[in-house]
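Trainee: So here's query34.txt (compact mmCIF, N, CA and C atoms).
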# COMPACT_ATOMS: atom_id res chain seq x y z
N MET A 662 42.31 9.27 26.51
CA MET A 662 43.18 10.05 27.35
C MET A 662 42.37 10.58 28.52
N LEU A 663 43.04 10.68 29.66
CA LEU A 663 42.36 11.18 30.86
C LEU A 663 42.44 12.70 30.93
N ILE A 664 41.34 13.29 31.37
CA ILE A 664 41.34 14.72 31.70
C ILE A 664 40.65 14.86 33.05
N ARG A 665 40.93 15.96 33.71
CA ARG A 665 40.30 16.25 35.00
C ARG A 665 39.25 17.34 34.77
N ILE A 666 38.04 17.06 35.23
CA ILE A 666 36.97 18.05 35.06
C ILE A 666 36.87 18.91 36.33
N GLY A 667 36.01 19.90 36.30
CA GLY A 667 35.89 20.87 37.37
C GLY A 667 35.64 20.29 38.75
N THR A 668 35.02 19.12 38.83
CA THR A 668 34.76 18.48 40.12
C THR A 668 35.99 17.77 40.67
N GLY A 669 37.05 17.69 39.86
CA GLY A 669 38.26 16.96 40.26
C GLY A 669 38.28 15.53 39.77
N GLU A 670 37.17 15.09 39.21
CA GLU A 670 37.04 13.72 38.71
C GLU A 670 37.83 13.56 37.41
N LEU A 671 38.46 12.39 37.25
CA LEU A 671 39.14 12.07 36.00
C LEU A 671 38.16 11.36 35.08
N ILE A 672 38.10 11.82 33.83
CA ILE A 672 37.25 11.15 32.84
C ILE A 672 38.09 10.86 31.61
N GLU A 673 37.64 9.92 30.84
CA GLU A 673 38.32 9.53 29.60
C GLU A 673 37.66 10.26 28.43
N ILE A 674 38.49 10.85 27.57
CA ILE A 674 37.98 11.42 26.32
C ILE A 674 38.75 10.76 25.19
N PRO A 675 38.19 10.74 24.00
CA PRO A 675 38.91 10.15 22.86
C PRO A 675 40.20 10.93 22.57
N GLU A 676 41.27 10.20 22.32
CA GLU A 676 42.55 10.84 21.99
C GLU A 676 42.43 11.71 20.75
N GLU A 677 41.58 11.31 19.81
CA GLU A 677 41.37 12.11 18.59
C GLU A 677 40.81 13.49 18.93
N LEU A 678 39.96 13.56 19.95
CA LEU A 678 39.41 14.85 20.35
C LEU A 678 40.51 15.72 20.95
N GLY A 679 41.36 15.12 21.76
CA GLY A 679 42.50 15.85 22.30
C GLY A 679 43.40 16.37 21.20
N ALA A 680 43.62 15.56 20.17
CA ALA A 680 44.46 15.98 19.04
C ALA A 680 43.82 17.16 18.32
N LEU A 681 42.51 17.11 18.11
CA LEU A 681 41.83 18.22 17.43
C LEU A 681 41.97 19.52 18.21
N VAL A 682 41.90 19.42 19.54
CA VAL A 682 42.02 20.60 20.38
C VAL A 682 43.40 21.25 20.21
N LEU A 683 44.43 20.44 19.97
CA LEU A 683 45.79 20.98 19.83
C LEU A 683 46.04 21.64 18.48
N ILE A 684 45.22 21.33 17.50
CA ILE A 684 45.44 21.85 16.15
C ILE A 684 44.73 23.20 15.99
N ASP A 685 45.49 24.20 15.59
CA ASP A 685 44.91 25.51 15.32
C ASP A 685 44.27 25.46 13.94
N PRO A 686 42.94 25.54 13.86
CA PRO A 686 42.29 25.41 12.55
C PRO A 686 42.59 26.57 11.60
N PHE A 687 43.24 27.61 12.10
CA PHE A 687 43.51 28.77 11.26
C PHE A 687 44.97 28.86 10.84
N SER A 688 45.78 27.85 11.18
CA SER A 688 47.19 27.84 10.80
C SER A 688 47.46 26.75 9.77
N SER A 689 48.54 26.88 9.08
CA SER A 689 48.92 25.85 8.11
C SER A 689 49.61 24.71 8.85
N SER A 690 49.73 23.57 8.19
CA SER A 690 50.39 22.41 8.79
C SER A 690 51.82 22.71 9.18
N SER A 691 52.48 23.55 8.40
CA SER A 691 53.88 23.86 8.69
C SER A 691 54.02 24.67 9.99
N ASP A 692 52.92 25.26 10.46
CA ASP A 692 52.93 26.03 11.71
C ASP A 692 52.54 25.18 12.91
N GLN A 693 52.21 23.92 12.70
CA GLN A 693 51.74 23.05 13.78
C GLN A 693 52.91 22.57 14.62
N PRO A 694 53.03 23.04 15.87
CA PRO A 694 54.14 22.59 16.71
C PRO A 694 53.85 21.24 17.36
N GLU A 695 54.90 20.55 17.73
CA GLU A 695 54.76 19.36 18.55
C GLU A 695 54.88 19.83 20.00
N PHE A 696 53.94 19.46 20.83
CA PHE A 696 53.91 19.91 22.21
C PHE A 696 54.45 18.85 23.15
N SER A 697 55.05 19.29 24.25
CA SER A 697 55.49 18.37 25.30
C SER A 697 54.25 17.87 26.04
N ALA A 698 54.43 16.82 26.83
CA ALA A 698 53.32 16.28 27.62
C ALA A 698 52.75 17.34 28.56
N GLU A 699 53.62 18.14 29.15
CA GLU A 699 53.18 19.18 30.07
C GLU A 699 52.38 20.27 29.35
N GLU A 700 52.82 20.60 28.14
CA GLU A 700 52.09 21.59 27.35
C GLU A 700 50.72 21.07 26.93
N VAL A 701 50.66 19.79 26.56
CA VAL A 701 49.36 19.18 26.22
C VAL A 701 48.44 19.25 27.44
N ASN A 702 48.97 18.93 28.60
CA ASN A 702 48.19 18.98 29.84
C ASN A 702 47.58 20.37 30.01
N ALA A 703 48.39 21.39 29.83
CA ALA A 703 47.91 22.77 29.99
C ALA A 703 46.90 23.16 28.90
N LEU A 704 47.25 22.89 27.66
CA LEU A 704 46.39 23.32 26.55
C LEU A 704 45.04 22.60 26.52
N VAL A 705 45.06 21.29 26.62
CA VAL A 705 43.81 20.54 26.54
C VAL A 705 42.88 20.94 27.67
N HIS A 706 43.42 21.07 28.88
CA HIS A 706 42.55 21.44 30.00
C HIS A 706 42.06 22.88 29.88
N SER A 707 42.91 23.76 29.43
CA SER A 707 42.50 25.16 29.26
C SER A 707 41.41 25.29 28.22
N ILE A 708 41.59 24.65 27.09
CA ILE A 708 40.64 24.77 26.00
C ILE A 708 39.33 24.05 26.31
N LEU A 709 39.43 22.80 26.76
CA LEU A 709 38.20 22.07 27.07
C LEU A 709 37.44 22.70 28.22
N GLY A 710 38.17 23.32 29.14
CA GLY A 710 37.51 24.00 30.26
C GLY A 710 36.58 25.11 29.81
N THR A 711 36.89 25.70 28.66
CA THR A 711 36.01 26.76 28.15
C THR A 711 34.77 26.19 27.46
N TYR A 712 34.83 24.93 27.04
CA TYR A 712 33.71 24.32 26.32
C TYR A 712 32.81 23.48 27.22
N PHE A 713 33.38 22.82 28.22
CA PHE A 713 32.59 21.89 29.02
C PHE A 713 31.59 22.63 29.89
N ASP A 714 30.38 22.13 29.90
CA ASP A 714 29.28 22.69 30.68
C ASP A 714 28.96 21.73 31.82
N PRO A 715 29.06 22.17 33.07
CA PRO A 715 28.81 21.27 34.20
C PRO A 715 27.39 20.72 34.24
N GLU A 716 26.48 21.34 33.52
CA GLU A 716 25.09 20.87 33.48
C GLU A 716 24.91 19.70 32.51
N LEU A 717 25.91 19.47 31.64
CA LEU A 717 25.82 18.38 30.66
C LEU A 717 26.58 17.16 31.15
N SER A 718 26.21 16.00 30.63
CA SER A 718 26.94 14.76 30.95
C SER A 718 28.30 14.80 30.25
N HIS A 719 29.19 13.91 30.66
CA HIS A 719 30.50 13.85 30.02
C HIS A 719 30.35 13.61 28.52
N GLN A 720 29.50 12.67 28.16
CA GLN A 720 29.32 12.35 26.74
C GLN A 720 28.71 13.52 25.99
N GLU A 721 27.78 14.22 26.60
CA GLU A 721 27.18 15.39 25.95
C GLU A 721 28.24 16.47 25.72
N ASN A 722 29.12 16.65 26.70
CA ASN A 722 30.20 17.63 26.53
C ASN A 722 31.15 17.22 25.41
N ILE A 723 31.50 15.95 25.38
CA ILE A 723 32.38 15.45 24.31
C ILE A 723 31.72 15.67 22.95
N ASN A 724 30.44 15.32 22.85
CA ASN A 724 29.70 15.52 21.59
C ASN A 724 29.66 16.99 21.20
N LYS A 725 29.47 17.87 22.19
CA LYS A 725 29.42 19.31 21.94
C LYS A 725 30.75 19.80 21.35
N VAL A 726 31.85 19.36 21.93
CA VAL A 726 33.17 19.78 21.43
C VAL A 726 33.40 19.22 20.03
N LYS A 727 33.02 17.98 19.80
CA LYS A 727 33.14 17.39 18.45
C LYS A 727 32.36 18.22 17.43
N GLU A 728 31.17 18.66 17.80
CA GLU A 728 30.35 19.48 16.90
C GLU A 728 31.02 20.81 16.60
N ILE A 729 31.64 21.40 17.61
CA ILE A 729 32.34 22.67 17.40
C ILE A 729 33.47 22.49 16.40
N TYR A 730 34.28 21.44 16.60
CA TYR A 730 35.43 21.23 15.71
C TYR A 730 35.01 20.74 14.33
N ALA A 731 33.82 20.15 14.22
CA ALA A 731 33.33 19.71 12.91
C ALA A 731 33.00 20.90 12.01
N GLN A 732 32.85 22.08 12.60
CA GLN A 732 32.55 23.28 11.82
C GLN A 732 33.77 23.81 11.07
N PHE A 733 34.95 23.39 11.50
CA PHE A 733 36.19 23.84 10.85
C PHE A 733 36.58 22.88 9.74
N GLU A 734 37.40 23.37 8.85
CA GLU A 734 37.94 22.50 7.82
C GLU A 734 38.76 21.40 8.49
N PRO A 735 38.64 20.15 8.02
CA PRO A 735 39.41 19.07 8.66
C PRO A 735 40.91 19.37 8.59
N PRO A 736 41.63 19.00 9.66
CA PRO A 736 43.08 19.25 9.66
C PRO A 736 43.78 18.37 8.64
N SER A 737 44.95 18.81 8.23
CA SER A 737 45.73 18.00 7.30
C SER A 737 46.23 16.75 8.02
N ALA A 738 46.58 15.76 7.24
CA ALA A 738 47.12 14.52 7.81
C ALA A 738 48.41 14.82 8.59
N GLU A 739 49.21 15.76 8.08
CA GLU A 739 50.46 16.12 8.74
C GLU A 739 50.20 16.76 10.10
N ALA A 740 49.28 17.72 10.16
CA ALA A 740 48.96 18.38 11.43
C ALA A 740 48.38 17.39 12.43
N LEU A 741 47.53 16.49 11.95
CA LEU A 741 46.93 15.49 12.83
C LEU A 741 47.99 14.54 13.36
N SER A 742 48.93 14.16 12.53
CA SER A 742 50.02 13.27 12.95
C SER A 742 50.87 13.93 14.04
N ILE A 743 51.18 15.19 13.87
CA ILE A 743 51.98 15.92 14.86
C ILE A 743 51.20 16.01 16.18
N ALA A 744 49.93 16.33 16.11
CA ALA A 744 49.11 16.43 17.32
C ALA A 744 48.98 15.07 18.01
N ARG A 745 48.85 14.01 17.24
CA ARG A 745 48.75 12.66 17.83
C ARG A 745 50.03 12.31 18.59
N LYS A 746 51.19 12.68 18.05
CA LYS A 746 52.45 12.42 18.75
C LYS A 746 52.47 13.14 20.09
N SER A 747 51.96 14.36 20.12
CA SER A 747 51.91 15.11 21.37
C SER A 747 50.96 14.44 22.36
N ILE A 748 49.84 13.95 21.88
CA ILE A 748 48.88 13.25 22.75
C ILE A 748 49.50 11.97 23.28
N GLU A 749 50.21 11.24 22.42
CA GLU A 749 50.87 10.00 22.86
C GLU A 749 51.86 10.28 23.99
N ALA A 750 52.61 11.37 23.89
CA ALA A 750 53.55 11.75 24.95
C ALA A 750 52.80 12.02 26.24
N TYR A 751 51.69 12.72 26.15
CA TYR A 751 50.86 13.03 27.32
C TYR A 751 50.39 11.74 27.99
N VAL A 752 49.86 10.83 27.21
CA VAL A 752 49.31 9.58 27.74
C VAL A 752 50.40 8.78 28.45
N LYS A 753 51.61 8.76 27.88
CA LYS A 753 52.72 7.99 28.45
C LYS A 753 53.33 8.66 29.68
N GLU A 754 53.43 9.98 29.66
CA GLU A 754 54.23 10.67 30.67
C GLU A 754 53.45 11.28 31.84
N ILE A 755 52.23 11.65 31.63
CA ILE A 755 51.47 12.33 32.69
C ILE A 755 50.77 11.29 33.58
N GLU A 756 51.13 11.31 34.86
CA GLU A 756 50.53 10.41 35.84
C GLU A 756 49.14 10.93 36.22
N PRO A 757 48.23 10.05 36.64
CA PRO A 757 46.88 10.51 36.99
C PRO A 757 46.86 11.67 37.98
N ALA A 758 47.77 11.70 38.94
CA ALA A 758 47.78 12.80 39.91
C ALA A 758 48.16 14.13 39.26
N GLN A 759 48.84 14.09 38.11
CA GLN A 759 49.27 15.30 37.41
C GLN A 759 48.24 15.80 36.41
N VAL A 760 47.29 14.97 36.05
CA VAL A 760 46.30 15.34 35.03
C VAL A 760 45.55 16.59 35.46
N GLY A 761 45.63 17.62 34.63
CA GLY A 761 44.92 18.86 34.89
C GLY A 761 45.62 19.79 35.87
N MET A 762 46.74 19.36 36.42
CA MET A 762 47.51 20.20 37.33
C MET A 762 48.59 20.88 36.51
N VAL A 763 48.51 22.19 36.39
CA VAL A 763 49.35 22.92 35.45
C VAL A 763 50.21 23.95 36.18
N ASP A 764 51.49 23.98 35.82
CA ASP A 764 52.44 24.94 36.37
C ASP A 764 52.19 26.30 35.72
N GLY A 765 51.93 27.31 36.54
CA GLY A 765 51.65 28.66 36.03
C GLY A 765 52.79 29.23 35.21
N GLU A 766 54.03 28.91 35.58
CA GLU A 766 55.19 29.40 34.82
C GLU A 766 55.20 28.81 33.41
N LEU A 767 54.82 27.54 33.30
CA LEU A 767 54.75 26.91 31.97
C LEU A 767 53.72 27.62 31.11
N VAL A 768 52.57 27.92 31.68
CA VAL A 768 51.52 28.61 30.93
C VAL A 768 52.03 29.96 30.44
N ASP A 769 52.73 30.69 31.31
CA ASP A 769 53.30 31.98 30.91
C ASP A 769 54.26 31.80 29.75
N LEU A 770 55.13 30.80 29.82
CA LEU A 770 56.11 30.56 28.76
C LEU A 770 55.45 30.15 27.44
N MET A 771 54.33 29.45 27.53
CA MET A 771 53.66 28.98 26.32
C MET A 771 53.16 30.12 25.47
N PHE A 772 52.92 31.27 26.09
CA PHE A 772 52.37 32.38 25.34
C PHE A 772 53.41 33.43 24.98
N ILE A 773 54.68 33.13 25.22
CA ILE A 773 55.76 34.00 24.76
C ILE A 773 55.95 33.73 23.27
N ASP A 774 56.01 34.78 22.50
CA ASP A 774 56.15 34.62 21.05
C ASP A 774 57.63 34.43 20.68
N ASN A 775 58.21 33.37 21.24
CA ASN A 775 59.61 33.06 21.00
C ASN A 775 59.78 31.56 21.21
N THR A 776 59.75 30.79 20.13
CA THR A 776 59.80 29.35 20.22
C THR A 776 61.06 28.86 20.93
N LYS A 777 62.19 29.48 20.65
CA LYS A 777 63.44 29.05 21.28
C LYS A 777 63.34 29.19 22.80
N GLN A 778 62.81 30.29 23.28
CA GLN A 778 62.68 30.51 24.72
C GLN A 778 61.65 29.54 25.30
N ARG A 779 60.55 29.32 24.58
CA ARG A 779 59.49 28.44 25.07
C ARG A 779 59.98 27.01 25.21
N LEU A 780 60.75 26.55 24.24
CA LEU A 780 61.20 25.15 24.25
C LEU A 780 62.52 24.96 24.97
N GLY A 781 63.14 26.06 25.43
CA GLY A 781 64.38 25.96 26.18
C GLY A 781 65.52 25.73 25.29
Give the structure from the file, written as structure tokens.

Mentor:
Amino acid sequence: MLIRIGTGELIEIPEELGALVLIDPFSSSSDQPEFSAEEVNALVHSILGTYFDPELSHQENINKVKEIYAQFEPPSAEALSIARKSIEAYVKEIEPAQVGMVDGELVDLMFIDNTKQRLG
């Protein structure tokens, strides 16, 4: 899957890493939501942006994030399946020009504690 890094460059990261980023390691599988392509765009870029170090190579950053997520208990097959579906939607629907470009209103809605309002 493509992501946009701080320089504006598009790089490829493993879809499995994107799926891990979407899974909350502290929630149960029944709490794992399926995200829209736009939500994946916002979440993956927001979360990876906190981990990626501009002084490291792309591969070093990917390895660093993998190491961080390896410290958590592995996600359930169900949670991973749900996250993979969300990543698949992102890969199919988000055009390269949209990668990493996030609507501020969407981000605000994502953090409202009301699923019905968030999903419309």

Trainee: Go through A:Glu670, A:Pro736, A:Gly710, A:Ser718 one by one, measure the shortest atom-to-atom distance of each to Asp685 (chain A) using all atoms listed in the file, and give the residue with the smallest value.

Mentor: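 Residue with the minimum atom-to-atom distance to Asp685 (chain A): A:Pro736.
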
Trainee: Work out how far apart CA of Ala744 (chain A) and CA of Ala680 (chain A) are and give it in Å to one decimal.

Mentor: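 Here the two named atoms are 5.0 Å from each other.
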
Trainee: Would you mind listing what lies within 12 Å of Lys746 (chain A) as a list in words, with only C-alpha atoms counted and same-chain residues fewer than 2 positions away left out?

Mentor: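 Residues near the query, excluding close chain neighbours: Glu676, Glu677, Gly679, Ala680, Leu683, Gln693, Pro694, Glu695, Phe696, Ser697, Ala698, Val701, Glu739, Ala740, Leu741, Ser742, Ile743, Ala744, Ile748, Glu749, Ala750, Tyr751, Val752 and Lys753 of chain A.
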
Trainee: If you run DSSP on the backbone, which residues of chain A are alpha helix (DSSP H), as a PyMOL selection string?

Mentor: chain A and resi 676-683+698-712+719-731+738-754+765-771+776-780

Trainee: In Å, with one decimal, what is the gap from CA of Tyr712 (chain A) to atom N of Lys727 (chain A)?

Mentor: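 Computed distance, CA of Tyr712 (chain A) to atom N of Lys727 (chain A), equals 9.1 Å.
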
Trainee: To one decimal place in Å, what is the distance between CA of Pro715 (chain A) and CA of Val682 (chain A)?

Mentor: 19.1 Å

Trainee: At most 10 Å from (49.4, 23.2, 26.5), file frame, only C-alpha atoms: which residues, as a PDB file with N, CA and C atoms, in the coordinates of the input?

Mentor:
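Listing of result-v9.pdb after writing:
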ATOM      1  N   VAL A 682      41.900  19.420  19.540  1.00  0.00           N
ATOM      2  CA  VAL A 682      42.020  20.600  20.380  1.00  0.00           C
ATOM      3  C   VAL A 682      43.400  21.250  20.210  1.00  0.00           C
ATOM      4  N   LEU A 683      44.430  20.440  19.970  1.00  0.00           N
ATOM      5  CA  LEU A 683      45.790  20.980  19.830  1.00  0.00           C
ATOM      6  C   LEU A 683      46.040  21.640  18.480  1.00  0.00           C
ATOM      7  N   PHE A 696      53.940  19.460  20.830  1.00  0.00           N
ATOM      8  CA  PHE A 696      53.910  19.910  22.210  1.00  0.00           C
ATOM      9  C   PHE A 696      54.450  18.850  23.150  1.00  0.00           C
ATOM     10  N   SER A 697      55.050  19.290  24.250  1.00  0.00           N
ATOM     11  CA  SER A 697      55.490  18.370  25.300  1.00  0.00           C
ATOM     12  C   SER A 697      54.250  17.870  26.040  1.00  0.00           C
ATOM     13  N   ALA A 698      54.430  16.820  26.830  1.00  0.00           N
ATOM     14  CA  ALA A 698      53.320  16.280  27.620  1.00  0.00           C
ATOM     15  C   ALA A 698      52.750  17.340  28.560  1.00  0.00           C
ATOM     16  N   GLU A 699      53.620  18.140  29.150  1.00  0.00           N
ATOM     17  CA  GLU A 699      53.180  19.180  30.070  1.00  0.00           C
ATOM     18  C   GLU A 699      52.380  20.270  29.350  1.00  0.00           C
ATOM     19  N   GLU A 700      52.820  20.600  28.140  1.00  0.00           N
ATOM     20  CA  GLU A 700      52.090  21.590  27.350  1.00  0.00           C
ATOM     21  C   GLU A 700      50.720  21.070  26.930  1.00  0.00           C
ATOM     22  N   VAL A 701      50.660  19.790  26.560  1.00  0.00           N
ATOM     23  CA  VAL A 701      49.360  19.180  26.220  1.00  0.00           C
ATOM     24  C   VAL A 701      48.440  19.250  27.440  1.00  0.00           C
ATOM     25  N   ASN A 702      48.970  18.930  28.600  1.00  0.00           N
ATOM     26  CA  ASN A 702      48.190  18.980  29.840  1.00  0.00           C
ATOM     27  C   ASN A 702      47.580  20.370  30.010  1.00  0.00           C
ATOM     28  N   ALA A 703      48.390  21.390  29.830  1.00  0.00           N
ATOM     29  CA  ALA A 703      47.910  22.770  29.990  1.00  0.00           C
ATOM     30  C   ALA A 703      46.900  23.160  28.900  1.00  0.00           C
ATOM     31  N   LEU A 704      47.250  22.890  27.660  1.00  0.00           N
ATOM     32  CA  LEU A 704      46.390  23.320  26.550  1.00  0.00           C
ATOM     33  C   LEU A 704      45.040  22.600  26.520  1.00  0.00           C
ATOM     34  N   VAL A 705      45.060  21.290  26.620  1.00  0.00           N
ATOM     35  CA  VAL A 705      43.810  20.540  26.540  1.00  0.00           C
ATOM     36  C   VAL A 705      42.880  20.940  27.670  1.00  0.00           C
ATOM     37  N   HIS A 706      43.420  21.070  28.880  1.00  0.00           N
ATOM     38  CA  HIS A 706      42.550  21.440  30.000  1.00  0.00           C
ATOM     39  C   HIS A 706      42.060  22.880  29.880  1.00  0.00           C
ATOM     40  N   SER A 707      42.910  23.760  29.430  1.00  0.00           N
ATOM     41  CA  SER A 707      42.500  25.160  29.260  1.00  0.00           C
ATOM     42  C   SER A 707      41.410  25.290  28.220  1.00  0.00           C
ATOM     43  N   ILE A 708      41.590  24.650  27.090  1.00  0.00           N
ATOM     44  CA  ILE A 708      40.640  24.770  26.000  1.00  0.00           C
ATOM     45  C   ILE A 708      39.330  24.050  26.310  1.00  0.00           C
ATOM     46  N   SER A 747      51.960  14.360  20.120  1.00  0.00           N
ATOM     47  CA  SER A 747      51.910  15.110  21.370  1.00  0.00           C
ATOM     48  C   SER A 747      50.960  14.440  22.360  1.00  0.00           C
ATOM     49  N   VAL A 763      48.510  22.190  36.390  1.00  0.00           N
ATOM     50  CA  VAL A 763      49.350  22.920  35.450  1.00  0.00           C
ATOM     51  C   VAL A 763      50.210  23.950  36.180  1.00  0.00           C
ATOM     52  N   LEU A 767      54.820  27.540  33.300  1.00  0.00           N
ATOM     53  CA  LEU A 767      54.750  26.910  31.970  1.00  0.00           C
ATOM     54  C   LEU A 767      53.720  27.620  31.110  1.00  0.00           C
ATOM     55  N   VAL A 768      52.570  27.920  31.680  1.00  0.00           N
ATOM     56  CA  VAL A 768      51.520  28.610  30.930  1.00  0.00           C
ATOM     57  C   VAL A 768      52.030  29.960  30.440  1.00  0.00           C
ATOM     58  N   MET A 771      54.330  29.450  27.530  1.00  0.00           N
ATOM     59  CA  MET A 771      53.660  28.980  26.320  1.00  0.00           C
ATOM     60  C   MET A 771      53.160  30.120  25.470  1.00  0.00           C
ATOM     61  N   PHE A 772      52.920  31.270  26.090  1.00  0.00           N
ATOM     62  CA  PHE A 772      52.370  32.380  25.340  1.00  0.00           C
ATOM     63  C   PHE A 772      53.410  33.430  24.980  1.00  0.00           C
TER      64      PHE A 772
END

Trainee: List every residue of chain A that DSSP, applied to the backbone, labels as strand (DSSP E or B), and write the result as a VMD selection string.

Mentor: chain A and resid 663 to 665 671 to 673
